[in-house]
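Source file: upload_10.txt (compact mmCIF, C-alpha atoms and all ligand atoms)
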# COMPACT_ATOMS: atom_id res chain seq x y z
CA MET A 815 85.04 64.59 95.82
CA SER A 816 86.35 66.94 93.13
CA TYR A 817 89.18 69.21 94.27
CA ASP A 818 90.00 72.88 93.71
CA ALA A 819 93.57 72.15 94.84
CA ASP A 820 95.70 69.48 96.46
CA VAL A 821 96.48 71.82 99.34
CA LEU A 822 94.05 74.44 100.61
CA ILE A 823 95.57 77.03 102.92
CA THR A 824 93.39 79.42 104.90
CA GLY A 825 95.31 82.63 105.64
CA ALA A 826 98.13 84.11 103.56
CA GLY A 827 100.11 85.53 106.49
CA PRO A 828 103.64 84.46 107.48
CA GLY A 829 102.67 80.89 108.43
CA GLY A 830 100.45 80.28 105.40
CA CYS A 831 102.94 81.78 102.96
CA SER A 832 105.87 79.88 104.46
CA ALA A 833 103.98 76.61 103.82
CA GLY A 834 102.42 77.72 100.54
CA ILE A 835 105.66 78.92 98.91
CA ARG A 836 107.48 75.68 99.76
CA LEU A 837 104.67 73.38 98.67
CA ALA A 838 104.12 75.28 95.40
CA GLU A 839 107.85 75.21 94.68
CA ALA A 840 107.83 71.46 95.26
CA GLY A 841 105.26 71.23 92.47
CA HIS A 842 102.07 70.81 94.52
CA ASP A 843 98.83 72.50 93.56
CA VAL A 844 98.25 75.12 96.29
CA LEU A 845 95.25 77.38 96.75
CA MET A 846 95.32 80.02 99.49
CA LEU A 847 92.26 81.86 100.80
CA GLU A 848 92.96 85.28 102.29
CA ARG A 849 90.60 87.76 103.92
CA ASP A 850 92.69 90.84 103.02
CA PRO A 851 93.69 92.22 99.63
CA LEU A 852 97.06 91.00 98.30
CA ASP A 853 98.55 94.34 99.31
CA ALA A 854 96.41 95.83 102.08
CA GLY A 855 98.68 98.87 102.53
CA PRO A 856 100.91 99.88 105.45
CA ASP A 857 100.21 98.36 108.87
CA ILE A 858 102.22 99.27 111.94
CA THR A 859 99.36 98.60 114.38
CA SER A 860 101.46 96.73 116.90
CA GLY A 861 104.87 97.80 115.56
CA GLU A 862 106.29 94.36 114.83
CA VAL A 863 109.88 93.21 114.44
CA LEU A 864 111.51 90.27 112.68
CA ALA A 865 113.80 88.24 114.95
CA LEU A 866 117.03 86.88 113.48
CA GLN A 867 115.60 83.45 112.68
CA THR A 868 112.61 85.11 110.97
CA GLN A 869 115.03 86.95 108.74
CA ILE A 870 116.73 83.64 107.94
CA GLU A 871 113.36 81.99 107.17
CA CYS A 872 112.62 84.93 104.81
CA GLU A 873 115.94 84.48 103.03
CA GLN A 874 115.24 80.75 102.61
CA LEU A 875 111.91 81.66 101.01
CA GLY A 876 113.48 84.21 98.67
CA VAL A 877 111.87 87.22 100.36
CA ASP A 878 114.21 90.21 100.04
CA LEU A 879 114.67 92.15 103.28
CA ASN A 880 116.17 95.17 101.49
CA ALA A 881 112.70 96.55 100.98
CA ASP A 882 110.79 99.74 101.72
CA TRP A 883 108.73 97.89 104.38
CA ALA A 884 111.88 97.12 106.40
CA TYR A 885 112.78 99.93 108.80
CA GLU A 886 115.26 100.17 111.70
CA ARG A 887 117.52 97.32 112.72
CA PHE A 888 118.28 97.04 116.44
CA ARG A 889 121.96 97.02 117.36
CA PHE A 890 121.44 97.27 121.12
CA VAL A 891 119.16 96.07 123.89
CA ARG A 892 118.66 98.25 126.95
CA ASN A 893 117.36 96.47 130.03
CA VAL A 894 115.86 98.76 132.64
CA TYR A 895 115.47 97.03 136.04
CA PRO A 896 112.92 97.57 138.81
CA ASP A 897 115.24 100.07 140.58
CA LEU A 898 115.41 101.97 137.23
CA SER A 899 119.09 101.19 136.80
CA TRP A 900 119.92 99.94 133.31
CA THR A 901 122.45 98.08 131.20
CA LEU A 902 122.94 98.58 127.47
CA HIS A 903 124.03 95.51 125.50
CA ALA A 904 125.54 95.30 122.01
CA ILE A 905 123.94 92.77 119.65
CA PRO A 906 126.48 91.07 117.37
CA GLU A 907 126.56 92.56 113.84
CA GLY A 908 123.64 91.40 111.67
CA MET A 909 121.81 89.65 114.51
CA GLY A 910 119.44 92.41 115.59
CA HIS A 911 115.66 92.44 115.21
CA LEU A 912 114.34 94.36 112.20
CA ALA A 913 111.35 96.71 112.57
CA ILE A 914 108.84 96.32 109.75
CA ASP A 915 105.66 97.64 108.24
CA ARG A 916 103.60 94.48 108.62
CA GLY A 917 101.38 95.35 105.63
CA GLY A 918 104.37 95.59 103.29
CA PHE A 919 105.86 92.39 104.73
CA ASN A 920 102.63 90.42 104.19
CA ALA A 921 102.35 91.76 100.63
CA ALA A 922 105.94 90.68 99.88
CA LEU A 923 105.22 87.17 101.19
CA ARG A 924 102.04 86.90 99.13
CA ARG A 925 103.73 88.12 95.94
CA ARG A 926 106.45 85.52 96.51
CA ALA A 927 103.79 82.79 96.98
CA VAL A 928 102.18 83.75 93.65
CA GLN A 929 105.61 83.77 91.98
CA ALA A 930 106.24 80.28 93.38
CA GLY A 931 103.08 79.04 91.69
CA ALA A 932 100.50 79.18 94.49
CA ARG A 933 97.10 80.65 93.69
CA ILE A 934 95.72 83.16 96.19
CA VAL A 935 92.07 84.12 96.31
CA CYS A 936 92.03 87.40 98.22
CA GLU A 937 89.21 89.24 99.96
CA VAL A 938 87.38 86.05 100.93
CA THR A 939 86.76 85.15 104.56
CA ALA A 940 86.61 81.49 105.55
CA ARG A 941 83.41 81.05 107.57
CA ASP A 942 83.60 77.36 108.44
CA MET A 943 85.31 74.17 107.41
CA GLU A 944 84.41 70.52 107.22
CA LEU A 945 86.66 67.47 107.25
CA ARG A 946 85.43 64.56 105.16
CA ALA A 947 86.95 61.14 104.61
CA ASP A 948 88.24 62.18 101.19
CA GLY A 949 89.02 65.88 101.64
CA ALA A 950 88.54 69.20 103.41
CA VAL A 951 85.94 71.80 102.51
CA VAL A 952 86.10 75.50 103.36
CA ARG A 953 83.08 77.72 102.98
CA THR A 954 83.42 81.49 102.83
CA ARG A 955 81.24 84.34 104.00
CA GLU A 956 80.99 85.43 100.37
CA GLY A 957 79.21 82.15 99.51
CA GLY A 958 82.16 80.31 97.98
CA GLU A 959 83.10 76.71 98.67
CA TYR A 960 86.62 75.37 98.19
CA ARG A 961 87.75 71.74 98.37
CA GLY A 962 91.24 70.38 98.89
CA ARG A 963 92.80 67.00 99.57
CA VAL A 964 94.26 68.54 102.72
CA LEU A 965 93.77 71.82 104.59
CA ILE A 966 96.51 73.82 106.29
CA ASP A 967 94.82 76.32 108.56
CA ALA A 968 97.06 79.38 108.99
CA SER A 969 94.34 81.92 109.63
CA GLY A 970 95.70 83.21 112.91
CA ARG A 971 94.30 83.58 116.41
CA HIS A 972 90.67 83.55 115.24
CA SER A 973 91.30 80.67 112.86
CA VAL A 974 88.45 79.02 111.05
CA ALA A 975 89.40 75.53 112.31
CA LEU A 976 89.75 76.74 115.93
CA ASN A 977 86.28 78.24 115.73
CA THR A 978 84.62 75.38 113.87
CA LEU A 979 86.17 72.58 115.93
CA GLY A 980 86.28 74.44 119.28
CA LEU A 981 89.96 73.66 119.85
CA LYS A 982 91.00 76.86 121.64
CA GLU A 983 91.79 76.67 125.38
CA PRO A 984 92.91 79.29 127.89
CA GLU A 985 96.55 79.55 128.97
CA PRO A 986 96.09 79.71 132.76
CA GLU A 987 99.63 80.76 133.73
CA PHE A 988 99.86 83.79 131.46
CA GLN A 989 96.68 85.80 131.08
CA GLN A 990 98.06 89.03 129.69
CA ILE A 991 97.13 92.11 127.70
CA ALA A 992 99.23 94.13 125.25
CA VAL A 993 98.63 97.87 124.96
CA ALA A 994 100.59 99.82 122.33
CA ARG A 995 101.09 103.56 121.97
CA PHE A 996 102.88 105.48 119.25
CA PHE A 997 104.80 108.76 119.49
CA GLU A 998 106.51 111.20 117.13
CA SER A 999 109.49 111.40 119.48
CA PHE A 1000 110.50 109.79 122.74
CA GLU A 1001 113.36 111.61 124.40
CA GLY A 1002 116.04 109.32 125.82
CA THR A 1003 115.27 106.16 123.82
CA PRO A 1004 118.75 104.84 123.01
CA PRO A 1005 119.34 104.91 119.23
CA GLN A 1006 118.90 101.59 117.39
CA ALA A 1007 117.94 99.89 120.64
CA TRP A 1008 115.12 97.77 121.97
CA ASP A 1009 114.39 99.50 125.27
CA ARG A 1010 112.91 96.98 127.75
CA HIS A 1011 111.65 98.23 131.11
CA LEU A 1012 111.20 95.23 133.44
CA TYR A 1013 109.29 95.79 136.66
CA GLY A 1014 109.13 92.31 138.21
CA ASP A 1015 105.51 92.76 139.23
CA ALA A 1016 102.12 92.08 137.58
CA GLY A 1017 104.10 90.40 134.76
CA ALA A 1018 104.55 93.95 133.49
CA MET A 1019 107.03 95.21 130.95
CA ILE A 1020 106.94 98.36 128.85
CA SER A 1021 109.24 98.10 125.86
CA GLY A 1022 109.83 100.30 122.89
CA SER A 1023 112.01 101.57 120.12
CA GLN A 1024 112.15 103.90 117.18
CA ILE A 1025 110.40 102.11 114.30
CA ARG A 1026 111.48 104.67 111.73
CA PRO A 1027 112.39 108.36 111.91
CA GLY A 1028 109.51 110.24 113.51
CA LEU A 1029 107.77 107.12 114.83
CA PHE A 1030 108.33 105.43 118.19
CA ARG A 1031 106.30 102.62 119.74
CA TYR A 1032 106.16 101.75 123.43
CA ILE A 1033 104.08 98.70 124.28
CA LEU A 1034 102.88 97.43 127.65
CA GLU A 1035 102.50 93.73 128.32
CA ALA A 1036 101.03 92.94 131.74
CA ASP A 1037 98.69 90.65 133.66
CA LEU A 1038 95.01 91.08 132.88
CA GLY A 1039 93.98 90.33 136.47
CA VAL A 1040 95.43 93.59 137.81
CA LYS A 1041 93.65 95.57 135.10
CA GLN A 1042 90.35 93.86 135.84
CA GLN A 1043 90.69 94.28 139.60
CA GLY A 1044 91.29 97.99 139.13
CA ARG A 1045 88.44 98.24 136.56
CA MET A 1046 90.78 100.10 134.23
CA ASN A 1047 90.50 100.46 130.46
CA PRO A 1048 93.68 99.62 128.48
CA GLY A 1049 94.93 103.22 128.37
CA GLU A 1050 94.32 103.67 132.11
CA TYR A 1051 96.16 100.42 132.81
CA TYR A 1052 99.16 101.63 130.76
CA ASP A 1053 99.19 104.91 132.71
CA TYR A 1054 98.83 103.04 136.01
CA VAL A 1055 101.82 100.76 135.30
CA ALA A 1056 103.96 103.72 134.22
CA ARG A 1057 102.97 105.79 137.27
CA THR A 1058 103.48 102.88 139.68
CA TYR A 1059 106.86 101.59 138.44
CA ASP A 1060 108.44 104.00 136.01
CA PRO A 1061 108.42 107.80 136.40
CA TRP A 1062 110.75 108.03 133.34
CA ILE A 1063 108.04 106.56 131.09
CA ALA A 1064 105.20 108.34 132.94
CA GLU A 1065 106.82 111.73 132.37
CA ARG A 1066 107.20 111.04 128.64
CA LEU A 1067 103.61 109.84 128.33
CA GLU A 1068 102.60 113.32 129.47
CA ARG A 1069 104.81 115.34 127.19
CA GLU A 1070 105.79 113.39 124.07
CA PRO A 1071 103.53 113.88 121.00
CA HIS A 1072 101.25 110.85 120.59
CA VAL A 1073 100.48 109.49 117.11
CA GLY A 1074 97.10 107.77 116.64
CA GLY A 1075 95.19 106.10 119.44
CA THR A 1076 95.86 103.34 121.94
CA TRP A 1077 95.86 99.81 120.52
CA ALA A 1078 95.11 96.81 122.77
CA MET A 1079 94.78 93.04 122.52
CA ALA A 1080 93.78 90.49 125.17
CA PRO A 1081 94.12 87.77 126.17
CA LEU A 1082 97.43 87.32 124.37
CA ALA A 1083 98.07 83.67 125.20
CA TYR A 1084 95.94 80.60 124.48
CA ARG A 1085 96.48 76.91 123.86
CA VAL A 1086 95.16 74.61 121.17
CA ALA A 1087 94.04 71.09 122.03
CA GLU A 1088 95.06 69.38 118.75
CA THR A 1089 97.19 70.60 115.87
CA VAL A 1090 96.42 67.79 113.41
CA ARG A 1091 93.39 65.78 112.38
CA ASP A 1092 92.77 63.67 109.32
CA ARG A 1093 93.26 66.07 106.37
CA LEU A 1094 94.00 69.06 108.64
CA LEU A 1095 97.11 70.75 110.08
CA LEU A 1096 97.12 73.92 112.14
CA ILE A 1097 100.13 76.23 111.98
CA GLY A 1098 101.22 79.59 113.37
CA ASP A 1099 98.88 81.42 115.71
CA ALA A 1100 96.16 78.95 114.69
CA ALA A 1101 98.20 76.33 116.60
CA GLY A 1102 98.47 78.43 119.79
CA TYR A 1103 100.15 81.61 121.02
CA LEU A 1104 102.10 82.61 124.09
CA SER A 1105 103.52 86.14 124.14
CA PRO A 1106 105.04 88.85 121.95
CA ILE A 1107 107.67 89.51 124.63
CA THR A 1108 110.59 88.19 122.53
CA GLY A 1109 109.25 89.27 119.12
CA GLN A 1110 109.15 85.70 117.79
CA GLY A 1111 105.50 85.06 116.82
CA ILE A 1112 106.23 85.45 113.12
CA GLU A 1113 109.31 83.29 113.51
CA PHE A 1114 107.28 80.49 115.13
CA ALA A 1115 104.59 80.75 112.41
CA MET A 1116 107.19 80.55 109.63
CA ARG A 1117 108.97 77.65 111.29
CA MET A 1118 105.67 75.75 111.54
CA GLY A 1119 104.94 76.59 107.88
CA ARG A 1120 108.27 75.04 106.90
CA LEU A 1121 107.66 71.91 109.01
CA ALA A 1122 104.08 71.50 107.77
CA ALA A 1123 105.16 71.85 104.12
CA LYS A 1124 107.67 69.03 104.55
CA THR A 1125 105.13 66.72 106.20
CA VAL A 1126 102.28 67.52 103.81
CA GLY A 1127 104.55 67.08 100.78
CA ALA A 1128 105.53 63.61 101.98
CA ALA A 1129 101.93 62.71 102.88
CA LEU A 1130 100.68 63.76 99.43
CA ARG A 1131 103.35 61.67 97.77
CA ALA A 1132 102.45 58.69 99.97
CA GLY A 1133 98.73 59.26 99.35
CA ASP A 1134 98.00 59.12 103.10
CA LEU A 1135 96.48 62.28 104.56
CA THR A 1136 95.33 60.86 107.88
CA ALA A 1137 96.38 62.43 111.18
CA GLY A 1138 98.87 59.58 111.69
CA SER A 1139 100.79 60.62 108.59
CA PHE A 1140 101.22 64.11 110.11
CA ALA A 1141 103.04 62.73 113.17
CA GLU A 1142 106.34 64.07 111.83
CA TYR A 1143 104.93 67.61 111.91
CA VAL A 1144 103.69 67.18 115.49
CA GLU A 1145 107.06 65.83 116.63
CA ALA A 1146 109.13 68.41 114.75
CA ARG A 1147 106.92 71.23 116.05
CA ASN A 1148 107.38 69.96 119.61
CA ALA A 1149 111.13 69.65 119.19
CA GLU A 1150 111.70 72.93 117.38
CA VAL A 1151 108.95 75.40 118.20
CA MET A 1152 107.59 74.26 121.57
CA THR A 1153 111.13 74.07 122.98
CA LEU A 1154 111.64 77.71 121.99
CA ALA A 1155 108.24 78.60 123.43
CA GLU A 1156 109.42 77.05 126.70
CA LEU A 1157 112.32 79.54 126.73
CA VAL A 1158 109.80 82.35 126.28
CA ARG A 1159 107.86 80.90 129.21
CA MET A 1160 111.02 81.02 131.35
CA GLN A 1161 111.51 84.69 130.42
CA LEU A 1162 107.91 85.48 131.30
CA ARG A 1163 108.46 83.88 134.71
CA LEU A 1164 111.67 85.83 135.22
CA PHE A 1165 109.86 89.06 134.36
CA ARG A 1166 107.63 88.40 137.39
CA ASP A 1167 110.56 87.88 139.74
CA ARG A 1168 111.52 91.28 141.12
CA ALA A 1169 114.38 89.95 143.26
CA ALA A 1170 115.97 88.14 140.30
CA LEU A 1171 115.64 91.22 138.09
CA LEU A 1172 117.25 93.39 140.76
CA ARG A 1173 120.10 90.88 140.92
CA CYS A 1174 120.39 91.05 137.11
CA ALA A 1175 120.97 94.79 137.45
CA GLY A 1176 124.29 94.40 139.26
CA ASP A 1177 125.44 90.80 138.81
CA ASP A 1178 126.77 90.47 135.23
CA GLU A 1179 127.44 86.76 135.51
CA PHE A 1180 123.92 86.02 136.83
CA ARG A 1181 122.30 88.24 134.18
CA ALA A 1182 124.25 86.56 131.38
CA ARG A 1183 122.98 83.21 132.65
CA VAL A 1184 119.31 83.96 133.19
CA LEU A 1185 118.43 86.97 131.04
CA LEU A 1186 120.82 88.09 128.31
CA PRO A 1187 124.33 86.82 127.50
CA LEU A 1188 125.40 89.96 125.58
CA PRO A 1189 128.26 92.28 126.56
CA VAL A 1190 127.42 95.46 128.49
CA VAL A 1191 128.56 98.58 126.62
CA GLU A 1192 127.12 101.14 129.01
CA ARG A 1193 125.27 101.20 132.29
CA GLY A 1194 123.43 103.84 134.25
CA SER A 1195 120.21 104.79 135.94
CA LEU A 1196 117.10 106.55 134.71
CA LEU A 1197 117.36 108.42 137.99
CA GLY A 1198 120.91 109.60 137.29
CA ARG A 1199 123.77 109.67 134.83
CA ALA A 1200 125.13 106.96 132.52
CA SER A 1201 128.58 105.44 132.87
CA VAL A 1202 130.75 103.27 130.65
CA PRO A 1203 132.00 100.15 132.46
C1 LIG A 1301 100.89 92.89 120.53
C2 LIG A 1301 101.58 91.92 119.66
C3 LIG A 1301 102.84 92.23 119.19
C4 LIG A 1301 103.52 91.29 118.41
N1 LIG A 1301 104.76 91.60 117.99
C5 LIG A 1301 105.45 90.70 117.26
C6 LIG A 1301 106.75 90.99 116.81
O1 LIG A 1301 107.29 92.08 117.04
N2 LIG A 1301 107.42 90.04 116.11
C7 LIG A 1301 106.85 88.83 115.82
O2 LIG A 1301 107.49 88.00 115.19
N3 LIG A 1301 105.60 88.54 116.22
C8 LIG A 1301 104.89 89.43 116.93
N4 LIG A 1301 103.63 89.14 117.31
C9 LIG A 1301 103.04 87.85 116.94
C10 LIG A 1301 102.69 87.80 115.46
O3 LIG A 1301 101.86 88.87 115.12
C11 LIG A 1301 101.97 86.49 115.15
O4 LIG A 1301 102.48 85.43 115.93
C12 LIG A 1301 102.13 86.13 113.67
O5 LIG A 1301 101.60 87.13 112.86
C13 LIG A 1301 101.44 84.80 113.38
O6 LIG A 1301 101.46 84.54 112.02
P1 LIG A 1301 100.32 83.63 111.37
O7 LIG A 1301 100.66 83.51 109.93
O8 LIG A 1301 100.13 82.42 112.16
O9 LIG A 1301 98.98 84.46 111.56
P2 LIG A 1301 98.58 85.92 111.08
O10 LIG A 1301 99.75 86.79 110.93
O11 LIG A 1301 97.48 86.34 111.98
O12 LIG A 1301 98.01 85.67 109.62
C14 LIG A 1301 96.74 85.12 109.41
C15 LIG A 1301 96.28 85.49 108.02
O13 LIG A 1301 95.00 84.91 107.83
C16 LIG A 1301 94.08 85.86 107.37
N5 LIG A 1301 92.78 85.45 107.89
C17 LIG A 1301 92.37 85.50 109.18
N6 LIG A 1301 91.15 84.97 109.31
C18 LIG A 1301 90.78 84.59 108.05
C19 LIG A 1301 89.63 83.97 107.53
N7 LIG A 1301 88.60 83.63 108.32
N8 LIG A 1301 89.58 83.72 106.20
C20 LIG A 1301 90.64 84.05 105.39
N9 LIG A 1301 91.74 84.63 105.85
C21 LIG A 1301 91.83 84.90 107.17
C22 LIG A 1301 94.58 87.18 107.91
O14 LIG A 1301 94.14 88.27 107.12
C23 LIG A 1301 96.11 86.97 107.83
O15 LIG A 1301 96.63 87.35 106.58
C24 LIG A 1301 102.91 90.06 118.08
C25 LIG A 1301 101.63 89.76 118.54
C26 LIG A 1301 100.97 90.69 119.32
C27 LIG A 1301 99.61 90.35 119.79
Spell out the structure here as C-alpha cells.
Amino acid sequence: MSYDADVLITGAGPGGCSAGIRLAEAGHDVLMLERDPLDAGPDITSGEVLALQTQIECEQLGVDLNADWAYERFRFVRNVYPDLSWTLHAIPEGMGHLAIDRGGFNAALRRRAVQAGARIVCEVTARDMELRADGAVVRTREGGEYRGRVLIDASGRHSVALNTLGLKEPEPEFQQIAVARFFESFEGTPPQAWDRHLYGDAGAMISGSQIRPGLFRYILEADLGVKQQGRMNPGEYYDYVARTYDPWIAERLEREPHVGGTWAMAPLAYRVAETVRDRLLLIGDAAGYLSPITGQGIEFAMRMGRLAAKTVGAALRAGDLTAGSFAEYVEARNAEVMTLAELVRMQLRLFRDRAALLRCAGDDEFRARVLLPLPVVERGSLLGRASVP
C-alpha cells in the first residue's frame, strides 16, 4: 500500500489534536481529517468548561489559555440540596474550571497542530474506514480516500470507526439526557460560581453559571426514562424538573430573558466494545462517554490523545502496528482515564441518593468525604437568607 501519512487521524477536536500535536512534534508524518473548517467560528452550544487538568494538558501542548475564547473562571462551587439549602465552597486559587467558546478553543488546537507540523484537511467528512493488513484506509463523503500506516479515530460520539465496525453499546446504568438553556441574566447566580442544584431523584441536576457578561447557561441532566414516561419534549422535561424540585429555578425560567433556543442531547452515555484493533486506536468520545456532570469530557479526550501518541510513536518505531502493540495504551487508559470515569460514576450514583444529599447539606464532614472536600465560605437556603458560618 502507498501511504498519505504514517498516522491518519479522523477528527481534529481535543482528542485528535492532543495526539496529532505530540506525534507531529516527535517527527511523525501526521494527516488529520476534519469535517469542520479550521476556524468554524464561535460555538457555545452546550456552554463548555475546561477542568483544571484540561488546562494543564493545554499548557503541555503549548495552547495559550490567555485567549479571547477563554471566558469566566470559576472561583466557587455552590451546591444546592434537595431541601433547597445550599453551601458555597471556595476553589483554591488557579484551580477553577474555565468557561470557553468551544469554536475558538478548537481553532486554537488546530492552529497549534499545524504549527507542530501536522497536516489538516478540513471540510471533509470521513464516511467509512477499512483496516487492511498493511494499513488503514478512510474514505470521505467528498469522494476522497486517505491511507495511513495507522489510524487514530478521534471523531467523537458518531465516530467513523464506531459506525463502520459497530462497536457502540448502550450504558444501561446511566441513560440520561442533557438540555441546555441560555439567558441574558439569571438573578441570584453567585458570581464566578458553578451553581449545582442536586435533587436526588430521576438522576436530575440543573447546573449553571455566567459564561461571560450577558450570557448565562443552565443545563439539565436527568434520566431519559422519566422524560419518556411523561411523553415530554426536552423543554417540557426541563420545566417539569424545575417545577417539581426547584421553585427558585422555575421562577427564573419564567422571567429571565432567554437567549436562543433549547439545546438537547441524548443518550449522553454509551460504551465501546474495543478501543484498539490492528492499525486502529479509538480515543476521546470515540472510545466511550459517560456524563458531562463534572465537566471532564475534554480532559478525558486530551488524556487519551496523550496516551495514544506515546503508544503509537513507540509502535511506529518498532514497526509493529498490531493490536498487541497498543496494549500499553489500553492499560494506561484503564489506569488513568477509566479510574477517573469511575469517580464520575460514583458522583452520578450520589446524585440519585436523596437521603445522602440531604445529609451533605448539614454534615460538613460527610459532605467533604462523599461530595466535595472544599471549605464552606457561606451557607443559606433558596427559601430564605444566606449566612456566613
Ligand atoms: C451537554 C454536554 C456538555 C458537555 N460539557 C463539557 C464541559 O463543560 N467540559 C468538558 O470537558 N466536556 C464537556 N462535554 C464533553 C465534551 O464535549 C467531549 O467529551 C469532548 O469534546 C470529546 O472530545 P473528542 O475530541 O473526543 O471529540 P469531539 O470534541 O466531538 O471532536 C470530534 C471532532 O471530529 C470531527 N468529526 C466528527 N465526525 C467526523 C467525520 N465523520 N469526519 C471528519 N471529522 C469528523 C468533529 O468536527 C470534531 O472536530 C460535554 C458534553 C455534553 C454532551
Each chain A residue no farther than 7 Å from ligand LIG 1301 (chain A), nearest pair in Å, all atoms listed in the file, as JSON lines:
{"residue": "A:Thr824", "atom": "CA", "partner": "A:LIG1301", "partner_atom": "C20", "distance": 5.4}
{"residue": "A:Gly825", "atom": "CA", "partner": "A:LIG1301", "partner_atom": "O13", "distance": 3.2}
{"residue": "A:Ala826", "atom": "CA", "partner": "A:LIG1301", "partner_atom": "O15", "distance": 4.7}
{"residue": "A:Gly827", "atom": "CA", "partner": "A:LIG1301", "partner_atom": "O12", "distance": 3.8}
{"residue": "A:Pro828", "atom": "CA", "partner": "A:LIG1301", "partner_atom": "O7", "distance": 4.0}
{"residue": "A:Gly829", "atom": "CA", "partner": "A:LIG1301", "partner_atom": "O7", "distance": 3.6}
{"residue": "A:Gly830", "atom": "CA", "partner": "A:LIG1301", "partner_atom": "O7", "distance": 5.6}
{"residue": "A:Leu847", "atom": "CA", "partner": "A:LIG1301", "partner_atom": "C20", "distance": 5.3}
{"residue": "A:Glu848", "atom": "CA", "partner": "A:LIG1301", "partner_atom": "N9", "distance": 3.8}
{"residue": "A:Arg849", "atom": "CA", "partner": "A:LIG1301", "partner_atom": "N9", "distance": 3.8}
{"residue": "A:Asp850", "atom": "CA", "partner": "A:LIG1301", "partner_atom": "O14", "distance": 5.1}
{"residue": "A:Ser860", "atom": "CA", "partner": "A:LIG1301", "partner_atom": "C3", "distance": 5.2}
{"residue": "A:Gly861", "atom": "CA", "partner": "A:LIG1301", "partner_atom": "O1", "distance": 6.4}
{"residue": "A:Glu862", "atom": "CA", "partner": "A:LIG1301", "partner_atom": "O1", "distance": 3.3}
{"residue": "A:Val863", "atom": "CA", "partner": "A:LIG1301", "partner_atom": "O1", "distance": 3.8}
{"residue": "A:Leu864", "atom": "CA", "partner": "A:LIG1301", "partner_atom": "O2", "distance": 5.3}
{"residue": "A:Ala865", "atom": "CA", "partner": "A:LIG1301", "partner_atom": "O2", "distance": 6.3}
{"residue": "A:Val938", "atom": "CA", "partner": "A:LIG1301", "partner_atom": "C20", "distance": 5.9}
{"residue": "A:Thr939", "atom": "CA", "partner": "A:LIG1301", "partner_atom": "N8", "distance": 3.6}
{"residue": "A:Ala940", "atom": "CA", "partner": "A:LIG1301", "partner_atom": "N8", "distance": 3.8}
{"residue": "A:Arg941", "atom": "CA", "partner": "A:LIG1301", "partner_atom": "N7", "distance": 5.8}
{"residue": "A:Ala968", "atom": "CA", "partner": "A:LIG1301", "partner_atom": "O8", "distance": 5.4}
{"residue": "A:Ser969", "atom": "CA", "partner": "A:LIG1301", "partner_atom": "O13", "distance": 3.6}
{"residue": "A:Gly970", "atom": "CA", "partner": "A:LIG1301", "partner_atom": "O11", "distance": 3.7}
{"residue": "A:Arg971", "atom": "CA", "partner": "A:LIG1301", "partner_atom": "O11", "distance": 6.1}
{"residue": "A:His972", "atom": "CA", "partner": "A:LIG1301", "partner_atom": "N6", "distance": 6.1}
{"residue": "A:Ser973", "atom": "CA", "partner": "A:LIG1301", "partner_atom": "N6", "distance": 5.6}
{"residue": "A:Val974", "atom": "CA", "partner": "A:LIG1301", "partner_atom": "N7", "distance": 5.4}
{"residue": "A:Ala992", "atom": "CA", "partner": "A:LIG1301", "partner_atom": "C1", "distance": 5.2}
{"residue": "A:Met1079", "atom": "CA", "partner": "A:LIG1301", "partner_atom": "C27", "distance": 6.2}
{"residue": "A:Leu1082", "atom": "CA", "partner": "A:LIG1301", "partner_atom": "C27", "distance": 5.9}
{"residue": "A:Ile1097", "atom": "CA", "partner": "A:LIG1301", "partner_atom": "O8", "distance": 6.2}
{"residue": "A:Gly1098", "atom": "CA", "partner": "A:LIG1301", "partner_atom": "O8", "distance": 3.3}
{"residue": "A:Asp1099", "atom": "CA", "partner": "A:LIG1301", "partner_atom": "O8", "distance": 3.9}
{"residue": "A:Ala1100", "atom": "CA", "partner": "A:LIG1301", "partner_atom": "O8", "distance": 5.8}
{"residue": "A:Tyr1103", "atom": "CA", "partner": "A:LIG1301", "partner_atom": "O4", "distance": 6.8}
{"residue": "A:Ser1105", "atom": "CA", "partner": "A:LIG1301", "partner_atom": "C25", "distance": 6.9}
{"residue": "A:Pro1106", "atom": "CA", "partner": "A:LIG1301", "partner_atom": "C4", "distance": 4.6}
{"residue": "A:Gly1109", "atom": "CA", "partner": "A:LIG1301", "partner_atom": "N2", "distance": 3.6}
{"residue": "A:Gln1110", "atom": "CA", "partner": "A:LIG1301", "partner_atom": "O2", "distance": 3.8}
{"residue": "A:Gly1111", "atom": "CA", "partner": "A:LIG1301", "partner_atom": "O4", "distance": 3.2}
{"residue": "A:Ile1112", "atom": "CA", "partner": "A:LIG1301", "partner_atom": "O2", "distance": 3.5}
{"residue": "A:Glu1113", "atom": "CA", "partner": "A:LIG1301", "partner_atom": "O2", "distance": 5.3}
{"residue": "A:Phe1114", "atom": "CA", "partner": "A:LIG1301", "partner_atom": "O4", "distance": 6.9}
{"residue": "A:Ala1115", "atom": "CA", "partner": "A:LIG1301", "partner_atom": "O8", "distance": 4.8}
With a distance cut-off of 9 Å and all atoms listed in the file, select the neighbouring residues of A:Met1118, excluding the residue or stretch itself and same-chain residues fewer than 6 positions from it, and output the selection as a PyMOL selection string. chain A and resi 829+832-833+1096-1098+1143+1146-1147+1150-1151
A:Tyr1059: which residues within 12 Å, counting only C-alpha atoms, same-chain residues fewer than 6 positions away excluded, as a list in words? Val894, Tyr895, Pro896, Asp897, Leu898, His1011, Leu1012, Tyr1013, Gly1014, Asp1015, Ala1016, Ala1018, Met1019, Ile1020, Tyr1052, Asp1053, Glu1065, Arg1168 and Leu1196 of chain A
What does the distance between atom CA of A:Glu1068 and atom CA of A:His911 come to in Å, to one decimal place?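 Answer for the atom CA of A:Glu1068 to atom CA of A:His911 separation: 28.5 Å.
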Of the candidates A:Ala932, A:Leu1164, A:Leu1188, A:Ala1007, which shows the shortest atom-to-atom distance to A:Arg887, using only C-alpha atoms?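 Nearest to A:Arg887: A:Ala1007.
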Here atom CA of A:Gly1017 and atom CA of A:Thr868 stand apart by 25.8 Å
Name the closest residue to A:Asn920 among the candidates A:Ala884, A:Ala975, A:Leu1157, A:Ala854; distances are taken between atoms, counting all atoms listed in the file. A:Ala854
